[in-house]
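Single-structure report; data block below.
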Amino acid sequence: MDLTGREYRKMSKKASPPSPIFGNCIKAFLFGGLICTMGQLTTDLAIEWGMTQQDARLAASVFLILLSVILTGFAVYDDIAKHAGAGTLVPITGFANSIVASAIEFKSEGFIMGLGAKMFVIAGPVLVYGITSSILYGVVLYIVGLF
Amino acid sequence: MPERIGKYTVSFSNRPTVLGYAAVAGKKEGEGPLARYFDAIFEDTTMGEKTWEKSESALQREAFSRSLDKAGYTPSQINYIFCGDLLNQSIASTFGLREFKVPLFGQFGACSTMAQTMAMSAVFIDSGAADTCAAITSSHFCSAERQFRTPLIYGGQRPPSAQWTATAAGCAILGLAGNGVRVAAVCGGRVNDLGINDINNMGAAMAPAAADTIANFLTDTQTKPEDYDLILTGDLSQIGTDLLYDLLERQQIDIRAAHNDCGLMLYDRESQDVHAGGSGCGCSAAVVCSWLLSKMEKGELNNVLFIGTGALMSPTSSQQGETVPGIAHLVHLVKK
């Protein structure tokens, strides 16, 4: 066939329907916003009930993680995420989902090499590069602070 | 005896016959348009097993047992099994079929495995190396997802070009008796790679291989698409089908009037949320070993080309940035 890879990739791109980016963005915005609003609401309620602001923020994170874990355990989170996209992926709930989903999935390979080893198969890179970049940021901040 | 025609095709003088066939499917496939053709639909896709790999093995056992029953054979009457699936080291097939104690050749052709196993069975029978062979393949959505993609309950999104791995298995018992559907010829496919590296667009990755094999077969046999009642590709689904038409048109071959694709037939794409369509070894196996063979048995279709299509990537090759090569094997089926 006298067709180059470049030509074919062009043909393939033309034949493949694009993701509905605009609609996806709107949905991600709404779901992501909803999760943030729930976090804010939890924080405000916790302060109302006498927690310090720092504790209240922690309580909000714990609540959102718990909610995500429960919804993941009942296989509801992925049904929501199918529509919400980045709206459920980016917040702390998405991080919790990726760990719990992996833990449940790979339990069949045992508690050590399955659940234990593969729990961070998706979240692992986020931790590695998140922590690395925060260390680098800290070093830069320290150096800038010297002057 | 098998005889080579042209460059890629092998024609059979004895024309091995399909003695029995069966397809079993999962819940989602059982809600699709071909439900009434399946031998069994399992609402519980765990099949009562503890792991998805075991569930897929159970599908293979079911397909094999049911096709043996329909053919009126026992496992000991089968000389060789040719089988395969999508899992690493083909464990769904080998673990699933170990209890039958039949000599077994494991095959890997990705989603083209149904065509490949039928082709191998036919060659063995026509050459006199075997009297009866079984061609079996399966795929399971849940075992495939965990091997190739992400955990089942991970909250990700699938692009519109993604395909849905079928939870299904199909088996065809081939021999020399009776007057069922016959295998007239097979055409082995070459590995084709036009540089698609999106693992969520397997139809596009496989279309060049399908076009290559179809064109080679038509050249070898000096036939035209109009000579066939149906040209059925494995799991190109919507995008792959469109690209196949384009690719063949460049060679002045138009198959549109006779073509269909198992990936487009297995599900109702509108209502079943399968995006571009179905895929997996089980997809073409389920369509061929139910709908197609029963239509041919009744004489509603007499001259059919089945082209199993496979995307040959592995999780390792994809992570290493490799492209997705495609392969397609053709089986020419006739009634009469």
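Labeling convention for the structure tokens: chains A, B, ... as they appear, residues from 1 per chain, ligands from 1 in order of appearance.
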
If we count only C-alpha atoms and set the cut-off at 6 Å, which residues sit around stretch 4-15 of chain A, ignoring sequence neighbours fewer than 4 positions away in its own chain? Please answer as number ranges by chain.
B: 194-195, 239

So that each row is one residue of chain A with an atom at most 10 Å from chain B, can you give its shortest atom pair and the distance in Å to one decimal, using only C-alpha atoms, rows by chain and rising number, as a Markdown table?
```
| residue | atom | partner | partner_atom | distance |
| --- | --- | --- | --- | --- |
| A:Met1 | CA | B:Asp212 | CA | 7.8 |
| A:Asp2 | CA | B:Arg250 | CA | 9.1 |
| A:Leu3 | CA | B:Leu194 | CA | 8.3 |
| A:Thr4 | CA | B:Leu194 | CA | 7.0 |
| A:Gly5 | CA | B:Leu194 | CA | 4.5 |
| A:Arg6 | CA | B:Gly195 | CA | 7.7 |
| A:Glu7 | CA | B:Leu194 | CA | 9.0 |
| A:Tyr8 | CA | B:Leu194 | CA | 6.5 |
| A:Arg9 | CA | B:Ile196 | CA | 6.5 |
| A:Met11 | CA | B:Leu243 | CA | 7.4 |
| A:Ser12 | CA | B:Ala204 | CA | 6.1 |
| A:Lys13 | CA | B:Ala204 | CA | 9.0 |
| A:Lys14 | CA | B:Ile239 | CA | 9.5 |
| A:Ala15 | CA | B:Ile239 | CA | 5.9 |
| A:Ser16 | CA | B:Ile239 | CA | 5.9 |
| A:Pro17 | CA | B:Pro160 | CA | 6.3 |
| A:Pro18 | CA | B:Pro160 | CA | 6.9 |
| A:Ser19 | CA | B:Pro159 | CA | 6.0 |
| A:Pro20 | CA | B:Pro160 | CA | 8.7 |
| A:Leu71 | CA | B:Ile153 | CA | 9.8 |
| A:Thr72 | CA | B:Ile153 | CA | 6.5 |
| A:Gly73 | CA | B:Ile153 | CA | 8.2 |
| A:Phe74 | CA | B:Ile153 | CA | 9.0 |
| A:Ala75 | CA | B:Ile153 | CA | 5.7 |
| A:Val76 | CA | B:Ile153 | CA | 8.1 |
| A:Tyr77 | CA | B:Gly155 | CA | 6.3 |
| A:Asp78 | CA | B:Gly155 | CA | 4.1 |
| A:Asp79 | CA | B:Gly155 | CA | 7.4 |
| A:Ile80 | CA | B:Gly155 | CA | 7.7 |
| A:Ala81 | CA | B:Gly155 | CA | 4.9 |
| A:Lys82 | CA | B:Gln157 | CA | 5.2 |
| A:His83 | CA | B:Gln157 | CA | 7.6 |
| A:Ala84 | CA | B:Gln157 | CA | 8.6 |
| A:Gly85 | CA | B:Gln157 | CA | 6.1 |
| A:Ala86 | CA | B:Gly156 | CA | 8.6 |
| A:Thr88 | CA | B:Gly155 | CA | 7.6 |
| A:Leu89 | CA | B:Gly155 | CA | 7.0 |
| A:Thr93 | CA | B:Gly155 | CA | 10.0 |
| A:Gly94 | CA | B:Gly155 | CA | 7.2 |
| A:Phe95 | CA | B:Gly155 | CA | 9.8 |
| A:Ala96 | CA | B:Tyr154 | CA | 9.9 |
| A:Asn97 | CA | B:Tyr154 | CA | 6.3 |
| A:Ser98 | CA | B:Tyr154 | CA | 5.7 |
| A:Ile99 | CA | B:Tyr154 | CA | 8.7 |
| A:Val100 | CA | B:Tyr154 | CA | 8.3 |
| A:Ala101 | CA | B:Tyr154 | CA | 5.2 |
| A:Ser102 | CA | B:Pro151 | CA | 5.7 |
| A:Ala103 | CA | B:Pro151 | CA | 8.9 |
| A:Ile104 | CA | B:Pro151 | CA | 8.3 |
| A:Glu105 | CA | B:Pro151 | CA | 5.6 |
| A:Phe106 | CA | B:Pro151 | CA | 8.1 |
| A:Lys107 | CA | B:Thr51 | CA | 9.6 |
| A:Ser108 | CA | B:Thr51 | CA | 6.3 |
| A:Glu109 | CA | B:Thr51 | CA | 9.1 |
| A:Val121 | CA | B:Thr150 | CA | 9.4 |
| A:Ile122 | CA | B:Thr150 | CA | 8.4 |
```

Point out the residue among A:Tyr129, A:Tyr142, A:Phe22, A:Phe63 with the least atom-to-atom distance to A:Gly39, counting only C-alpha atoms.
A:Phe63

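Coordinates place atom CA of B:Ala328 at a distance of 13.0 Å from atom CA of B:Met118.
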
For stretch 64-81 of chain B: contacts at 10 Å, only C-alpha atoms, fewer than 5 positions along chain excluded, given as an MDAnalysis selection string:
chainID B and resid 18:24 39:40 58:59 93 96:97 99:107 117 120:121 124:125 129:137 169:175 289

Write the residues of the preceding selection, restricted to C-alpha atoms, as a PDB file, in the first residue's frame.
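What ended up in again-v3.pdb:
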```pdb
ATOM      1  CA  VAL B  18     -18.134 -27.098  11.038  1.00  0.00           C
ATOM      2  CA  LEU B  19     -19.602 -29.980  13.070  1.00  0.00           C
ATOM      3  CA  GLY B  20     -20.813 -27.891  15.973  1.00  0.00           C
ATOM      4  CA  TYR B  21     -20.474 -24.405  17.334  1.00  0.00           C
ATOM      5  CA  ALA B  22     -21.465 -22.434  20.380  1.00  0.00           C
ATOM      6  CA  ALA B  23     -21.164 -18.927  21.743  1.00  0.00           C
ATOM      7  CA  VAL B  24     -21.650 -17.826  25.330  1.00  0.00           C
ATOM      8  CA  ASP B  39     -26.228 -20.515  23.520  1.00  0.00           C
ATOM      9  CA  ALA B  40     -26.028 -19.014  26.997  1.00  0.00           C
ATOM     10  CA  ALA B  58     -15.158 -20.652  32.675  1.00  0.00           C
ATOM     11  CA  LEU B  59     -16.488 -18.958  29.525  1.00  0.00           C
ATOM     12  CA  SER B  93      -7.475 -20.788  27.454  1.00  0.00           C
ATOM     13  CA  GLY B  96      -9.840 -23.189  31.284  1.00  0.00           C
ATOM     14  CA  LEU B  97      -9.344 -26.185  29.023  1.00  0.00           C
ATOM     15  CA  GLU B  99      -9.385 -30.546  32.504  1.00  0.00           C
ATOM     16  CA  PHE B 100     -10.408 -31.890  29.083  1.00  0.00           C
ATOM     17  CA  LYS B 101      -7.028 -33.588  28.491  1.00  0.00           C
ATOM     18  CA  VAL B 102      -7.050 -32.822  24.779  1.00  0.00           C
ATOM     19  CA  PRO B 103      -3.772 -31.952  23.003  1.00  0.00           C
ATOM     20  CA  LEU B 104      -3.754 -28.208  22.810  1.00  0.00           C
ATOM     21  CA  PHE B 105      -1.964 -25.557  20.775  1.00  0.00           C
ATOM     22  CA  GLY B 106      -2.127 -22.104  22.316  1.00  0.00           C
ATOM     23  CA  GLN B 107      -2.512 -19.338  19.761  1.00  0.00           C
ATOM     24  CA  THR B 117      -7.641 -20.908  15.366  1.00  0.00           C
ATOM     25  CA  MET B 120      -5.119 -23.794  11.992  1.00  0.00           C
ATOM     26  CA  SER B 121      -7.875 -26.335  12.615  1.00  0.00           C
ATOM     27  CA  PHE B 124      -4.728 -29.740  10.253  1.00  0.00           C
ATOM     28  CA  ILE B 125      -7.924 -31.449   9.128  1.00  0.00           C
ATOM     29  CA  ALA B 129      -3.125 -34.533  10.454  1.00  0.00           C
ATOM     30  CA  ALA B 130      -6.399 -34.535  12.401  1.00  0.00           C
ATOM     31  CA  ASP B 131      -9.973 -35.752  12.067  1.00  0.00           C
ATOM     32  CA  THR B 132     -11.526 -33.234  14.425  1.00  0.00           C
ATOM     33  CA  CYS B 133     -10.227 -29.999  15.898  1.00  0.00           C
ATOM     34  CA  ALA B 134     -11.718 -27.317  18.097  1.00  0.00           C
ATOM     35  CA  ALA B 135     -11.121 -23.602  17.600  1.00  0.00           C
ATOM     36  CA  ILE B 136     -11.852 -21.647  20.772  1.00  0.00           C
ATOM     37  CA  THR B 137     -11.312 -18.061  21.874  1.00  0.00           C
ATOM     38  CA  ALA B 169     -16.377 -16.964  24.158  1.00  0.00           C
ATOM     39  CA  GLY B 170     -16.950 -18.900  20.985  1.00  0.00           C
ATOM     40  CA  CYS B 171     -16.015 -22.373  19.830  1.00  0.00           C
ATOM     41  CA  ALA B 172     -16.261 -24.156  16.501  1.00  0.00           C
ATOM     42  CA  ILE B 173     -15.655 -27.901  16.160  1.00  0.00           C
ATOM     43  CA  LEU B 174     -14.263 -28.750  12.755  1.00  0.00           C
ATOM     44  CA  GLY B 175     -14.133 -32.166  11.103  1.00  0.00           C
ATOM     45  CA  CYS B 289     -20.107 -18.945  16.415  1.00  0.00           C
TER      46      CYS B 289
END
```

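Interatomic distance, atom CA of B:Tyr245 to atom CA of B:His259: 9.4 Å.
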
Do a neighbour search on B:Gly6 at 8 Å with only C-alpha atoms, toss out local chain neighbours closer than 2 positions, and write the hits as a ChimeraX atom specification.
/B:4,8-9,219-221

Find the residues around B:Val287 up to 9 Å (only C-alpha atoms counted), leave out those fewer than 2 positions away in its own chain, and share them as number ranges by chain.
B: 23, 34, 37-38, 170, 234, 262-263, 265-266, 282-285, 289-293

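Proximity of B:Asn14, B:Ser138, B:Gln60, B:Gln116 to B:Leu87, computed with only C-alpha atoms, is greatest for B:Ser138.
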
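For stretch 101-152 of chain B, the set of residues given alpha helix (DSSP H) by DSSP on the backbone reads B:Thr113, B:Met114, B:Ala115, B:Gln116, B:Thr117, B:Met118, B:Ala119, B:Met120, B:Ser121, B:Ala122, B:Val123, B:Phe124, B:Ile125, B:Asp126, B:Phe141, B:Cys142, B:Ser143, B:Ala144, B:Glu145, B:Arg146, B:Gln147, B:Phe148.
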
Residues near A:Gly33, cut-off 10 Å, only C-alpha atoms, skip fewer than 4 positions along chain, as a ChimeraX atom specification
/A:27-29,37-39,87-88,91
